[in-house]
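Engineer: Hey, dropping coords-v7.tsv in here, TSV, C-alpha atoms:
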```tsv
chain	number	residue	atom	x	y	z
A	1	MET	CA	13.06	-21.38	8.94
A	2	ASP	CA	15.00	-18.71	10.89
A	3	ALA	CA	13.01	-15.54	10.20
A	4	LEU	CA	15.61	-13.24	11.71
A	5	GLU	CA	18.39	-14.65	9.56
A	6	LEU	CA	16.22	-14.51	6.44
A	7	THR	CA	15.36	-10.89	7.23
A	8	ARG	CA	19.05	-10.07	7.51
A	9	SER	CA	19.72	-11.62	4.11
A	10	LEU	CA	16.83	-9.81	2.44
A	11	VAL	CA	17.63	-6.40	3.92
A	12	ARG	CA	21.24	-6.62	2.73
A	13	ILE	CA	19.98	-6.72	-0.89
A	14	ASP	CA	19.15	-3.32	-2.40
A	15	SER	CA	15.63	-3.62	-3.80
A	16	THR	CA	14.49	-0.04	-4.11
A	17	THR	CA	11.57	0.11	-6.54
A	18	GLY	CA	12.76	-0.85	-10.02
A	19	ARG	CA	15.67	-2.92	-8.70
A	20	GLU	CA	13.82	-5.90	-7.21
A	21	GLY	CA	15.30	-8.53	-9.53
A	22	PRO	CA	18.10	-9.76	-7.23
A	23	VAL	CA	15.96	-10.00	-4.10
A	24	ALA	CA	13.17	-11.79	-6.01
A	25	ALA	CA	15.71	-14.25	-7.44
A	26	PHE	CA	17.14	-14.88	-3.97
A	27	LEU	CA	13.74	-15.49	-2.42
A	28	ALA	CA	12.58	-17.74	-5.27
A	29	ALA	CA	15.68	-19.89	-4.82
A	30	VAL	CA	15.10	-20.14	-1.06
A	31	LEU	CA	11.52	-21.30	-1.59
A	32	GLU	CA	12.47	-23.79	-4.29
A	33	GLN	CA	15.08	-25.27	-1.98
A	34	GLU	CA	12.38	-25.73	0.65
A	35	GLY	CA	10.24	-27.68	-1.81
A	36	TRP	CA	7.63	-25.12	-2.84
A	37	ILE	CA	6.19	-24.89	-6.36
A	38	VAL	CA	7.58	-21.52	-7.42
A	39	VAL	CA	6.31	-19.29	-10.22
A	40	ARG	CA	8.35	-16.30	-11.39
A	41	GLN	CA	5.86	-13.92	-12.99
A	42	PRO	CA	7.54	-11.25	-15.17
A	43	VAL	CA	6.30	-7.72	-14.53
A	44	ASP	CA	8.78	-5.88	-16.70
A	45	GLU	CA	12.40	-6.30	-17.73
A	46	GLY	CA	14.43	-7.73	-14.86
A	47	ARG	CA	11.56	-7.64	-12.36
A	48	PHE	CA	9.18	-10.40	-11.40
A	49	ASN	CA	6.69	-11.47	-8.76
A	50	VAL	CA	7.37	-14.64	-6.81
A	51	TYR	CA	4.43	-16.97	-6.17
A	52	ALA	CA	4.94	-20.18	-4.18
A	53	HIS	CA	2.31	-22.78	-3.34
A	54	LEU	CA	1.83	-26.48	-2.70
A	55	GLY	CA	-0.95	-27.17	-5.20
A	56	GLY	CA	-4.22	-25.86	-3.78
A	57	PRO	CA	-3.91	-22.67	-1.71
A	58	GLU	CA	-6.86	-21.31	0.23
A	59	VAL	CA	-4.98	-18.75	2.33
A	60	VAL	CA	-2.25	-16.72	0.65
A	61	PHE	CA	0.29	-14.60	2.49
A	62	SER	CA	1.45	-11.61	0.45
A	63	THR	CA	3.71	-8.60	0.78
A	64	HIS	CA	6.02	-6.50	-1.36
A	65	LEU	CA	9.74	-6.86	-2.01
A	66	ASP	CA	10.50	-3.31	-3.09
A	67	THR	CA	11.47	-0.49	-0.76
A	68	VAL	CA	11.58	3.28	-0.97
A	69	PRO	CA	14.96	4.90	-1.60
A	70	PRO	CA	17.59	5.34	-0.41
A	71	PHE	CA	19.00	1.91	0.33
A	72	ILE	CA	19.99	1.62	3.99
A	73	ASP	CA	22.12	-1.42	4.83
A	74	LEU	CA	21.45	-3.72	7.75
A	75	ARG	CA	22.70	-3.03	11.22
A	76	GLU	CA	21.45	-4.52	14.46
A	77	ASP	CA	21.72	-4.49	18.19
A	78	GLU	CA	20.38	-6.78	20.87
A	79	THR	CA	16.80	-5.57	20.44
A	80	TRP	CA	16.38	-4.22	16.91
A	81	LEU	CA	17.08	-4.92	13.27
A	82	HIS	CA	17.70	-1.60	11.51
A	83	GLY	CA	17.72	-0.88	7.79
A	84	ARG	CA	15.59	-0.33	4.73
A	85	GLY	CA	12.88	-2.95	4.50
A	86	THR	CA	13.17	-4.30	8.04
A	87	CYS	CA	9.53	-3.43	8.70
A	88	ASP	CA	8.40	-2.40	5.21
A	89	ALA	CA	8.28	-5.16	4.32
A	90	LYS	CA	11.14	-7.70	4.10
A	91	GLY	CA	10.92	-8.67	7.77
A	92	LEU	CA	7.25	-9.40	7.19
A	93	ALA	CA	8.06	-11.57	4.17
A	94	ALA	CA	10.44	-13.59	6.33
A	95	ALA	CA	7.82	-13.94	9.07
A	96	MET	CA	5.25	-15.11	6.52
A	97	ILE	CA	7.59	-17.76	5.17
A	98	ALA	CA	8.36	-18.96	8.70
A	99	ALA	CA	4.63	-19.17	9.50
A	100	ALA	CA	3.95	-21.06	6.27
A	101	GLU	CA	6.70	-23.53	7.09
A	102	ARG	CA	5.21	-24.09	10.54
A	103	LEU	CA	1.85	-24.81	8.95
A	104	ARG	CA	3.40	-27.15	6.41
A	105	ALA	CA	5.25	-29.04	9.16
A	106	THR	CA	1.87	-30.01	10.62
A	107	GLY	CA	0.59	-31.26	7.25
A	108	GLU	CA	-1.23	-28.10	6.21
A	109	THR	CA	-0.71	-27.54	2.48
A	110	ARG	CA	-3.50	-25.06	1.69
A	111	ILE	CA	-1.08	-22.13	1.95
A	112	GLY	CA	0.45	-19.82	-0.66
A	113	LEU	CA	3.12	-17.12	-0.61
A	114	LEU	CA	2.93	-14.16	-2.99
A	115	PHE	CA	5.72	-11.59	-3.07
A	116	VAL	CA	5.24	-8.69	-5.46
A	117	VAL	CA	7.27	-5.82	-6.88
A	118	GLY	CA	6.44	-2.16	-7.27
A	119	GLU	CA	4.18	-1.52	-4.29
A	120	GLU	CA	5.91	1.74	-3.42
A	121	ASN	CA	5.28	3.23	-6.87
A	122	GLY	CA	2.08	2.21	-8.56
A	123	SER	CA	1.43	-1.39	-7.40
A	124	GLU	CA	2.17	-2.82	-10.84
A	125	GLY	CA	3.26	-6.12	-9.31
A	126	ALA	CA	-0.03	-6.55	-7.45
A	127	ALA	CA	-1.98	-5.64	-10.59
A	128	ALA	CA	-0.06	-8.26	-12.58
A	129	ALA	CA	-0.70	-10.88	-9.88
A	130	ALA	CA	-4.40	-10.85	-10.80
A	131	ARG	CA	-3.39	-13.07	-13.75
A	132	LEU	CA	-1.81	-15.76	-11.58
A	133	GLU	CA	-3.40	-19.10	-10.76
A	134	PRO	CA	-4.30	-20.86	-8.55
A	135	ARG	CA	-5.67	-18.24	-6.18
A	136	GLY	CA	-7.16	-18.79	-2.76
A	137	ARG	CA	-10.18	-17.54	-0.82
A	138	PHE	CA	-8.36	-15.41	1.74
A	139	LEU	CA	-5.36	-13.10	1.44
A	140	ILE	CA	-3.23	-11.82	4.31
A	141	ASN	CA	-1.32	-8.73	3.20
A	142	GLY	CA	1.82	-7.78	5.09
A	143	GLU	CA	2.20	-4.19	6.22
A	144	PRO	CA	3.56	-2.92	9.55
A	145	THR	CA	0.40	-2.71	11.67
A	146	GLU	CA	2.07	-3.19	15.06
A	147	ASN	CA	0.83	-6.80	14.97
A	148	GLN	CA	-2.79	-5.65	15.02
A	149	LEU	CA	-5.19	-7.28	12.58
A	150	THR	CA	-6.51	-4.74	10.12
A	151	ILE	CA	-9.93	-5.37	8.59
A	152	GLY	CA	-10.24	-2.02	6.83
A	153	GLN	CA	-8.17	0.35	4.75
A	154	LYS	CA	-9.20	3.76	3.49
A	155	GLY	CA	-9.14	4.36	-0.22
A	156	VAL	CA	-7.43	7.14	-2.16
A	157	LEU	CA	-8.72	9.66	-4.65
A	158	ARG	CA	-6.22	12.11	-6.07
A	159	ALA	CA	-7.74	15.20	-7.68
A	160	ASN	CA	-5.74	17.64	-9.78
A	161	LEU	CA	-7.27	21.07	-10.25
A	162	VAL	CA	-6.16	23.29	-13.14
A	163	ALA	CA	-7.24	26.92	-13.49
A	164	THR	CA	-6.72	29.11	-16.54
A	165	GLY	CA	-6.67	32.90	-16.88
A	166	ARG	CA	-5.34	35.69	-19.08
A	167	ALA	CA	-2.02	37.36	-18.36
A	168	ALA	CA	-1.78	41.12	-18.09
A	169	HIS	CA	0.30	43.82	-16.43
A	170	SER	CA	-0.73	44.01	-12.77
A	171	ALA	CA	-1.12	47.79	-13.11
A	172	TYR	CA	-4.04	47.09	-15.47
A	173	PRO	CA	-5.92	44.21	-13.84
A	174	ASP	CA	-9.04	44.77	-15.95
A	175	GLU	CA	-7.09	43.59	-18.99
A	176	GLY	CA	-6.39	40.17	-17.48
A	177	GLU	CA	-8.12	37.32	-15.66
A	178	SER	CA	-6.51	35.73	-12.62
A	179	ALA	CA	-6.22	31.96	-12.57
A	180	ILE	CA	-5.30	31.94	-8.90
A	181	VAL	CA	-8.48	33.57	-7.58
A	182	PRO	CA	-10.93	30.95	-8.93
A	183	LEU	CA	-8.57	28.19	-7.84
A	184	LEU	CA	-8.54	29.52	-4.27
A	185	ASP	CA	-12.32	29.87	-4.29
A	186	THR	CA	-12.64	26.29	-5.51
A	187	LEU	CA	-10.30	25.02	-2.80
A	188	GLN	CA	-12.34	26.85	-0.18
A	189	ARG	CA	-15.51	25.13	-1.39
A	190	VAL	CA	-13.86	21.71	-1.68
A	191	GLN	CA	-12.73	21.92	1.94
A	192	HIS	CA	-16.38	22.15	2.98
A	193	ILE	CA	-17.46	18.96	1.21
A	194	THR	CA	-19.00	16.59	3.74
A	195	LEU	CA	-19.93	12.97	3.13
A	196	PRO	CA	-21.27	10.40	5.60
A	197	PRO	CA	-18.63	8.60	7.67
A	198	HIS	CA	-18.18	4.87	7.27
A	199	PRO	CA	-19.16	2.83	10.36
A	200	VAL	CA	-15.79	1.03	10.32
A	201	LEU	CA	-13.40	3.33	8.44
A	202	GLY	CA	-14.59	6.62	9.94
A	203	ASP	CA	-14.34	9.98	8.18
A	204	MET	CA	-12.93	10.91	4.82
A	205	THR	CA	-9.94	13.26	5.04
A	206	LEU	CA	-8.42	15.76	2.60
A	207	ASN	CA	-4.87	16.97	2.11
A	208	ILE	CA	-4.16	19.91	-0.20
A	209	GLY	CA	-0.66	18.79	-1.00
A	210	ARG	CA	0.56	21.24	-3.62
A	211	ILE	CA	-0.43	24.64	-5.03
A	212	GLU	CA	1.44	26.49	-7.76
A	213	GLY	CA	0.74	29.17	-10.30
A	214	GLY	CA	1.48	32.60	-11.69
A	215	ARG	CA	4.58	34.11	-13.23
A	216	ALA	CA	5.59	37.14	-11.13
A	217	PRO	CA	4.05	39.50	-8.58
A	218	ASN	CA	3.53	42.15	-11.26
A	219	VAL	CA	1.77	39.82	-13.73
A	220	ILE	CA	-1.87	38.77	-13.58
A	221	PRO	CA	-1.57	34.95	-13.33
A	222	ASP	CA	-2.75	33.03	-16.38
A	223	HIS	CA	-2.29	29.58	-14.87
A	224	ALA	CA	-2.57	27.86	-11.50
A	225	ARG	CA	-2.96	24.29	-10.28
A	226	ALA	CA	-3.43	22.32	-7.09
A	227	GLU	CA	-2.97	18.65	-6.21
A	228	LEU	CA	-5.36	17.16	-3.66
A	229	LEU	CA	-5.49	13.75	-2.02
A	230	PHE	CA	-8.58	12.38	-0.32
A	231	ARG	CA	-8.46	9.37	2.01
A	232	THR	CA	-11.83	7.90	1.15
A	233	VAL	CA	-14.24	5.59	2.96
A	234	MET	CA	-16.93	5.08	0.31
A	235	PRO	CA	-17.13	4.57	-3.47
A	236	HIS	CA	-15.94	7.71	-5.24
A	237	ASP	CA	-18.93	8.70	-7.38
A	238	ASP	CA	-20.58	10.97	-4.82
A	239	LEU	CA	-17.26	12.60	-3.94
A	240	LYS	CA	-16.48	13.31	-7.59
A	241	ARG	CA	-19.87	14.89	-8.08
A	242	ALA	CA	-19.31	17.11	-5.05
A	243	ILE	CA	-15.87	18.17	-6.28
A	244	GLU	CA	-17.22	19.00	-9.72
A	245	ALA	CA	-20.08	21.03	-8.20
A	246	ALA	CA	-17.48	23.06	-6.27
A	247	LEU	CA	-15.51	24.07	-9.37
A	248	GLU	CA	-15.43	27.76	-10.21
A	249	PRO	CA	-15.53	28.80	-13.87
A	250	ARG	CA	-12.19	28.23	-15.61
A	251	VAL	CA	-11.24	25.45	-13.17
A	252	THR	CA	-11.17	21.81	-14.32
A	253	VAL	CA	-10.44	18.56	-12.47
A	254	THR	CA	-8.83	15.24	-13.37
A	255	TYR	CA	-8.40	12.12	-11.24
A	256	PRO	CA	-5.00	10.53	-11.90
A	257	LEU	CA	-5.19	8.00	-9.05
A	258	GLU	CA	-8.05	6.01	-7.56
A	259	ILE	CA	-7.73	3.22	-5.01
A	260	PRO	CA	-10.90	1.79	-3.47
A	261	SER	CA	-11.34	1.29	0.24
A	262	VAL	CA	-11.38	-2.23	1.71
A	263	VAL	CA	-13.49	-3.67	4.52
A	264	SER	CA	-13.46	-7.35	5.54
A	265	THR	CA	-15.33	-9.45	8.10
A	266	ALA	CA	-13.58	-9.68	11.45
A	267	PRO	CA	-12.52	-13.23	12.33
A	268	LYS	CA	-14.04	-14.48	15.56
A	269	GLY	CA	-11.96	-13.75	18.65
A	270	TRP	CA	-9.62	-11.18	17.05
A	271	GLN	CA	-9.28	-7.57	18.13
A	272	THR	CA	-9.16	-5.50	14.96
A	273	THR	CA	-8.30	-2.05	13.72
A	274	VAL	CA	-8.35	-0.05	10.49
A	275	VAL	CA	-5.64	1.97	8.75
A	276	SER	CA	-5.57	5.10	6.62
A	277	PHE	CA	-2.43	4.37	4.60
A	278	ALA	CA	-2.55	2.77	1.15
A	279	SER	CA	-1.15	-0.64	0.24
A	280	ASP	CA	-1.44	-3.37	-2.39
A	281	LEU	CA	-4.51	-4.85	-0.70
A	282	PRO	CA	-7.18	-3.30	-2.99
A	283	PHE	CA	-5.26	-4.48	-6.07
A	284	LEU	CA	-5.33	-8.05	-4.76
A	285	ALA	CA	-9.10	-8.26	-4.42
A	286	SER	CA	-9.30	-11.19	-6.85
A	287	TRP	CA	-7.38	-13.29	-4.31
A	288	GLY	CA	-10.34	-13.36	-1.93
A	289	GLU	CA	-11.29	-11.65	1.30
A	290	GLY	CA	-8.38	-9.47	2.37
A	291	TYR	CA	-6.76	-8.77	5.72
A	292	GLN	CA	-3.67	-6.85	6.75
A	293	LEU	CA	-1.28	-7.77	9.53
A	294	GLY	CA	2.36	-7.33	10.33
A	295	PRO	CA	4.98	-6.57	12.98
A	296	GLY	CA	6.60	-3.15	13.11
A	297	THR	CA	5.12	0.32	12.84
A	298	ILE	CA	4.33	2.35	9.74
A	299	ARG	CA	5.58	5.43	11.59
A	300	VAL	CA	9.23	4.51	10.99
A	301	ALA	CA	8.72	3.06	7.50
A	302	HIS	CA	10.16	5.30	4.75
A	303	THR	CA	12.44	7.02	7.27
A	304	ALA	CA	16.14	6.84	8.09
A	305	GLU	CA	15.11	5.22	11.39
A	306	GLU	CA	13.34	2.21	9.86
A	307	ARG	CA	13.64	-0.77	12.20
A	308	ILE	CA	11.81	-3.74	13.65
A	309	ARG	CA	11.98	-5.20	17.13
A	310	LYS	CA	13.16	-8.79	17.00
A	311	THR	CA	10.57	-9.98	19.51
A	312	ASP	CA	7.81	-8.28	17.50
A	313	LEU	CA	8.93	-10.10	14.36
A	314	GLN	CA	8.81	-13.41	16.21
A	315	ARG	CA	5.36	-12.55	17.54
A	316	GLY	CA	4.30	-11.83	13.98
A	317	ILE	CA	5.09	-15.41	12.98
A	318	VAL	CA	2.76	-16.71	15.69
A	319	LEU	CA	-0.03	-14.36	14.62
A	320	TYR	CA	0.33	-15.18	10.93
A	321	GLU	CA	0.05	-18.88	11.72
A	322	LYS	CA	-2.97	-18.37	13.97
A	323	LEU	CA	-4.77	-16.15	11.45
A	324	ALA	CA	-4.21	-18.65	8.66
A	325	ARG	CA	-5.57	-21.50	10.78
A	326	ASP	CA	-8.61	-19.45	11.79
A	327	LEU	CA	-9.37	-18.53	8.18
A	328	LEU	CA	-8.90	-22.11	7.01
A	329	ALA	CA	-11.30	-23.27	9.72
A	330	ARG	CA	-13.84	-20.67	8.61
A	331	GLY	CA	-13.46	-21.75	5.01
A	332	ALA	CA	-14.13	-25.35	5.94
A	333	ALA	CA	-17.23	-24.54	8.00
```
I need this file expressed as structure tokens, please.
Structural biologist:
Amino acid sequence: MDALELTRSLVRIDSTTGREGPVAAFLAAVLEQEGWIVVRQPVDEGRFNVYAHLGGPEVVFSTHLDTVPPFIDLREDETWLHGRGTCDAKGLAAAMIAAAERLRATGETRIGLLFVVGEENGSEGAAAAARLEPRGRFLINGEPTENQLTIGQKGVLRANLVATGRAAHSAYPDEGESAIVPLLDTLQRVQHITLPPHPVLGDMTLNIGRIEGGRAPNVIPDHARAELLFRTVMPHDDLKRAIEAALEPRVTVTYPLEIPSVVSTAPKGWQTTVVSFASDLPFLASWGEGYQLGPGTIRVAHTAEERIRKTDLQRGIVLYEKLARDLLARGAA
């Protein structure tokens, strides 16, 4: 399996989230031609996950087929493949298939390949994959980690604050109630929430990503809201309680997004790291102990400069094969 050529073919297909049908169909056909048992799992109209196995998988390679917009067609030079999906994550899918084929060529059949849709907007493909069978005991998720094995991923808690007030002419402030003032006081208190760091994942972080409110400078604001995103390292119950204790009167909170953190046991002999970005990995927990590994860097993913070094992609194949063998050996012990 030529991983570079497969990457070229995949990147040339526009698969921005919601349009994954053609790339999934292409990949399913490639795997069927190579003799894999292939399952096309519908997610919604025209979109499906691709699951390939040889009967009894114990280690499953997985990554996503969708990309962020806009579509950027393939171009390359001597060193790099450029284009949308080269490192996030079509190049990784190609490297996983190449590693699986290397394993199969030596008689190893306890391998699966799971390629999902929708990772960039809600992880609905990964959520649907929980209904697939057979599942293994270990899952290797593909994200661009600079070919470093990741044993931990911070979680996500999104908190939306909404403040209410009473509008009035700003010349007569006693006749109104500002919504912005209690929101700002709440944000000040939320910024001072401290929780214990995790020994592997480190500290929780907070981004106040959006604030809006009011109607005009000469009107007492009757509404205001803020959107916050925490990168979490522990279960969310204590954090929620701290947020709710920080609320000023007339401020409420909802939690539209929660993704748990992930920590796995480091395989013997591997140098490991952790990441702060989110991925499908927490949604694939039913597939066994999870790891994350892949060539390329997240720092160019989602940008106009997305690219992957050809030698890094080839190195990724070697590492995927080695990690699978190490996990299979652990499973047999």
Engineer: Any idea what's packed within 6 Å of Met204 in chain A, counting all atoms listed in the file, ignoring anything in its chain fewer than 4 positions away? Could you give it as JSON, numbers by chain?
Structural biologist: {"A": [231, 232, 233]}
Engineer: For a quick check of your reading of the model, name the residues lying within 9 Å of the coordinate (-16.7, 5.3, 1.7), counting only C-alpha atoms, and write them as a list in words.
Structural biologist: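 Within 9 Å of (-16.7, 5.3, 1.7), the protein and nucleic acid residues are Lys154, Gly155, Leu195, Pro196, Pro197, His198, Leu201, Gly202, Asp203, Met204, Thr232, Val233, Met234, Pro235, His236, Pro260 and Ser261 of chain A.
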Engineer: Please identify all polymer residues within 12 Å of Ala163 in chain A, counting all atoms listed in the file, omitting same-chain residues fewer than 5 positions from it, and present them as a ChimeraX atom specification.
Structural biologist: /A:177-187,211-214,221-227,247-254
Engineer: Can those selected residues be exported to a file as an mmCIF file, in the frame of the given file so that it contains C-alpha atoms?
Structural biologist:
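Resulting contents of selection-v2.cif:
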```cif
data_model
loop_
_atom_site.group_PDB
_atom_site.id
_atom_site.type_symbol
_atom_site.label_atom_id
_atom_site.label_comp_id
_atom_site.auth_asym_id
_atom_site.auth_seq_id
_atom_site.Cartn_x
_atom_site.Cartn_y
_atom_site.Cartn_z
ATOM 1 C CA GLU A 177 -8.120 37.320 -15.660
ATOM 2 C CA SER A 178 -6.510 35.730 -12.620
ATOM 3 C CA ALA A 179 -6.220 31.960 -12.570
ATOM 4 C CA ILE A 180 -5.300 31.940 -8.900
ATOM 5 C CA VAL A 181 -8.480 33.570 -7.580
ATOM 6 C CA PRO A 182 -10.930 30.950 -8.930
ATOM 7 C CA LEU A 183 -8.570 28.190 -7.840
ATOM 8 C CA LEU A 184 -8.540 29.520 -4.270
ATOM 9 C CA ASP A 185 -12.320 29.870 -4.290
ATOM 10 C CA THR A 186 -12.640 26.290 -5.510
ATOM 11 C CA LEU A 187 -10.300 25.020 -2.800
ATOM 12 C CA ILE A 211 -0.430 24.640 -5.030
ATOM 13 C CA GLU A 212 1.440 26.490 -7.760
ATOM 14 C CA GLY A 213 0.740 29.170 -10.300
ATOM 15 C CA GLY A 214 1.480 32.600 -11.690
ATOM 16 C CA PRO A 221 -1.570 34.950 -13.330
ATOM 17 C CA ASP A 222 -2.750 33.030 -16.380
ATOM 18 C CA HIS A 223 -2.290 29.580 -14.870
ATOM 19 C CA ALA A 224 -2.570 27.860 -11.500
ATOM 20 C CA ARG A 225 -2.960 24.290 -10.280
ATOM 21 C CA ALA A 226 -3.430 22.320 -7.090
ATOM 22 C CA GLU A 227 -2.970 18.650 -6.210
ATOM 23 C CA LEU A 247 -15.510 24.070 -9.370
ATOM 24 C CA GLU A 248 -15.430 27.760 -10.210
ATOM 25 C CA PRO A 249 -15.530 28.800 -13.870
ATOM 26 C CA ARG A 250 -12.190 28.230 -15.610
ATOM 27 C CA VAL A 251 -11.240 25.450 -13.170
ATOM 28 C CA THR A 252 -11.170 21.810 -14.320
ATOM 29 C CA VAL A 253 -10.440 18.560 -12.470
ATOM 30 C CA THR A 254 -8.830 15.240 -13.370
#
```
Engineer: Kindly assemble as CSV a list of the range 14-56 of chain A residues that lie within 12 Å of range 82-97 of chain A, each paired with its nearest atom pair and their distance in Å to one decimal, using all atoms listed in the file, sorted first by chain and then by ascending residue number.
Structural biologist:
```
residue,atom,partner,partner_atom,distance
A:Asp14,CA,A:Arg84,CA,8.5
A:Ser15,CA,A:Gly85,CA,8.8
A:Thr16,CA,A:Arg84,CA,8.9
A:Thr17,CA,A:Gly85,CA,11.5
A:Glu20,CA,A:Lys90,CA,11.8
A:Val23,CA,A:Lys90,CA,9.8
A:Ala24,CA,A:Lys90,CA,11.1
A:Leu27,CA,A:Ala93,CA,9.5
A:Ala28,CA,A:Ile97,CA,11.6
A:Val30,CA,A:Ile97,CA,10.0
A:Leu31,CA,A:Ile97,CA,8.6
A:Glu34,CA,A:Ile97,CA,10.3
A:Trp36,CA,A:Ile97,CA,10.9
A:Val50,CA,A:Ala93,CA,11.4
A:Tyr51,CA,A:Ile97,CA,11.8
A:Ala52,CA,A:Ile97,CA,10.0
A:His53,CA,A:Ile97,CA,11.2
```
Engineer: Using only C-alpha atoms for the distances, tell me which of A:Glu32, A:Asp73, A:Asp2, A:Glu146 is nearest to Val274 in chain A.
Structural biologist: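 Ranking A:Glu32, A:Asp73, A:Asp2, A:Glu146 by distance to Val274 in chain A, first place goes to A:Glu146.
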Engineer: Using only C-alpha atoms, determine which residues lie at most 10 Å from Pro42 in chain A, disregarding the query and same-chain residues fewer than 4 positions distant; provide the list as number ranges by chain.
Structural biologist: A: 21, 46-50, 117, 125, 128-129
Engineer: Write the residues of the preceding selection, restricted to C-alpha atoms, as a PDB file, keeping the file's coordinate frame.
Structural biologist:
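Output (part.pdb):
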```pdb
ATOM      1  CA  GLY A  21      15.300  -8.530  -9.530  1.00  0.00           C
ATOM      2  CA  GLY A  46      14.430  -7.730 -14.860  1.00  0.00           C
ATOM      3  CA  ARG A  47      11.560  -7.640 -12.360  1.00  0.00           C
ATOM      4  CA  PHE A  48       9.180 -10.400 -11.400  1.00  0.00           C
ATOM      5  CA  ASN A  49       6.690 -11.470  -8.760  1.00  0.00           C
ATOM      6  CA  VAL A  50       7.370 -14.640  -6.810  1.00  0.00           C
ATOM      7  CA  VAL A 117       7.270  -5.820  -6.880  1.00  0.00           C
ATOM      8  CA  GLY A 125       3.260  -6.120  -9.310  1.00  0.00           C
ATOM      9  CA  ALA A 128      -0.060  -8.260 -12.580  1.00  0.00           C
ATOM     10  CA  ALA A 129      -0.700 -10.880  -9.880  1.00  0.00           C
TER      11      ALA A 129
END
```
Engineer: Which one of A:Ala246, A:Leu4, A:Leu139, A:Ala329 sits closest to Gln191 in chain A if you count all atoms listed in the file?
Structural biologist: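 Closest residue, counting all atoms listed in the file: A:Ala246.
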Engineer: How big is the axis-aligned box around the listed atoms of range 88-102 of chain A once 3 Å is added on each side, and where is its centre? Give both in Å to one decimal, as lines of an AutoDock Vina configuration file.
Structural biologist:
```
center_x = 7.5
center_y = -13.2
center_z = 7.3
size_x = 13.2
size_y = 27.7
size_z = 12.4
```
Engineer: In terms of the shortest atom-to-atom distance over only C-alpha atoms, which of A:Leu313, A:Ile72, A:Ala130, A:Ala216 is closest to Leu281 in chain A?
Structural biologist: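 Closest to Leu281 in chain A of all the choices is A:Ala130.
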Engineer: For Ile298 in chain A, which residue out of A:Gln148, A:Ser264, A:Ser170, A:Asn207 is the nearest one, using all atoms listed in the file?
Structural biologist: A:Gln148
Engineer: One decimal, in Å: what's the spacing between CA of Trp80 in chain A and CA of Ala99 in chain A?
Structural biologist: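 The value is 20.4 Å.
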Engineer: Could you tell me which of A:Ala3, A:Leu103, A:Val156, A:Val43 comes closest to Gly118 in chain A if we count all atoms listed in the file?
Structural biologist: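 The answer is A:Val43, which sits nearest to Gly118 in chain A.
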Engineer: For Ile111 in chain A, which of A:Ile140, A:Ala126, A:Val318, A:Leu157 is the closest residue, counting only C-alpha atoms?
Structural biologist: A:Ile140
Engineer: Kindly give the distance, in Å, that separates CA of Asp174 in chain A and CA of Ile243 in chain A, rounded to a single decimal.
Structural biologist: 29.1 Å
Engineer: Can you pull out every residue within 9 Å of Thr297 in chain A, counting only C-alpha atoms, but drop anything in the same chain fewer than 4 positions away, and send it as an mmCIF file with C-alpha atoms, in the coordinates of the input?
Structural biologist:
```cif
data_model
loop_
_atom_site.group_PDB
_atom_site.id
_atom_site.type_symbol
_atom_site.label_atom_id
_atom_site.label_comp_id
_atom_site.auth_asym_id
_atom_site.auth_seq_id
_atom_site.Cartn_x
_atom_site.Cartn_y
_atom_site.Cartn_z
ATOM 1 C CA CYS A 87 9.530 -3.430 8.700
ATOM 2 C CA ASP A 88 8.400 -2.400 5.210
ATOM 3 C CA GLU A 143 2.200 -4.190 6.220
ATOM 4 C CA PRO A 144 3.560 -2.920 9.550
ATOM 5 C CA THR A 145 0.400 -2.710 11.670
ATOM 6 C CA GLU A 146 2.070 -3.190 15.060
ATOM 7 C CA ASN A 147 0.830 -6.800 14.970
ATOM 8 C CA ALA A 301 8.720 3.060 7.500
ATOM 9 C CA GLU A 306 13.340 2.210 9.860
ATOM 10 C CA ARG A 307 13.640 -0.770 12.200
ATOM 11 C CA ILE A 308 11.810 -3.740 13.650
#
```
Engineer: In Å, how far is it from CA of Leu327 in chain A to CA of Gly112 in chain A?
Structural biologist: 13.3 Å
Engineer: Give me range 61-67 of chain A with N, CA and C atoms filled in, as a PDB file, in the coordinates of the input.
Structural biologist:
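Saved as rebuild-v8.pdb:
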```
ATOM      1  N   PHE A  61      -0.449 -15.701   1.889  1.00  0.00           N
ATOM      2  CA  PHE A  61       0.290 -14.600   2.490  1.00  0.00           C
ATOM      3  C   PHE A  61       0.926 -13.777   1.379  1.00  0.00           C
ATOM      4  N   SER A  62       0.862 -12.455   1.491  1.00  0.00           N
ATOM      5  CA  SER A  62       1.450 -11.610   0.450  1.00  0.00           C
ATOM      6  C   SER A  62       2.054 -10.356   1.054  1.00  0.00           C
ATOM      7  N   THR A  63       3.174  -9.927   0.488  1.00  0.00           N
ATOM      8  CA  THR A  63       3.710  -8.600   0.780  1.00  0.00           C
ATOM      9  C   THR A  63       4.631  -8.213  -0.366  1.00  0.00           C
ATOM     10  N   HIS A  64       5.228  -7.033  -0.250  1.00  0.00           N
ATOM     11  CA  HIS A  64       6.020  -6.500  -1.360  1.00  0.00           C
ATOM     12  C   HIS A  64       7.518  -6.589  -1.056  1.00  0.00           C
ATOM     13  N   LEU A  65       8.288  -6.734  -2.122  1.00  0.00           N
ATOM     14  CA  LEU A  65       9.740  -6.860  -2.010  1.00  0.00           C
ATOM     15  C   LEU A  65      10.473  -5.562  -2.243  1.00  0.00           C
ATOM     16  N   ASP A  66       9.815  -4.572  -2.820  1.00  0.00           N
ATOM     17  CA  ASP A  66      10.500  -3.310  -3.090  1.00  0.00           C
ATOM     18  C   ASP A  66      10.482  -2.413  -1.856  1.00  0.00           C
ATOM     19  N   THR A  67      11.392  -1.473  -1.837  1.00  0.00           N
ATOM     20  CA  THR A  67      11.470  -0.490  -0.760  1.00  0.00           C
ATOM     21  C   THR A  67      11.589   0.899  -1.365  1.00  0.00           C
TER      22      THR A  67
END
```
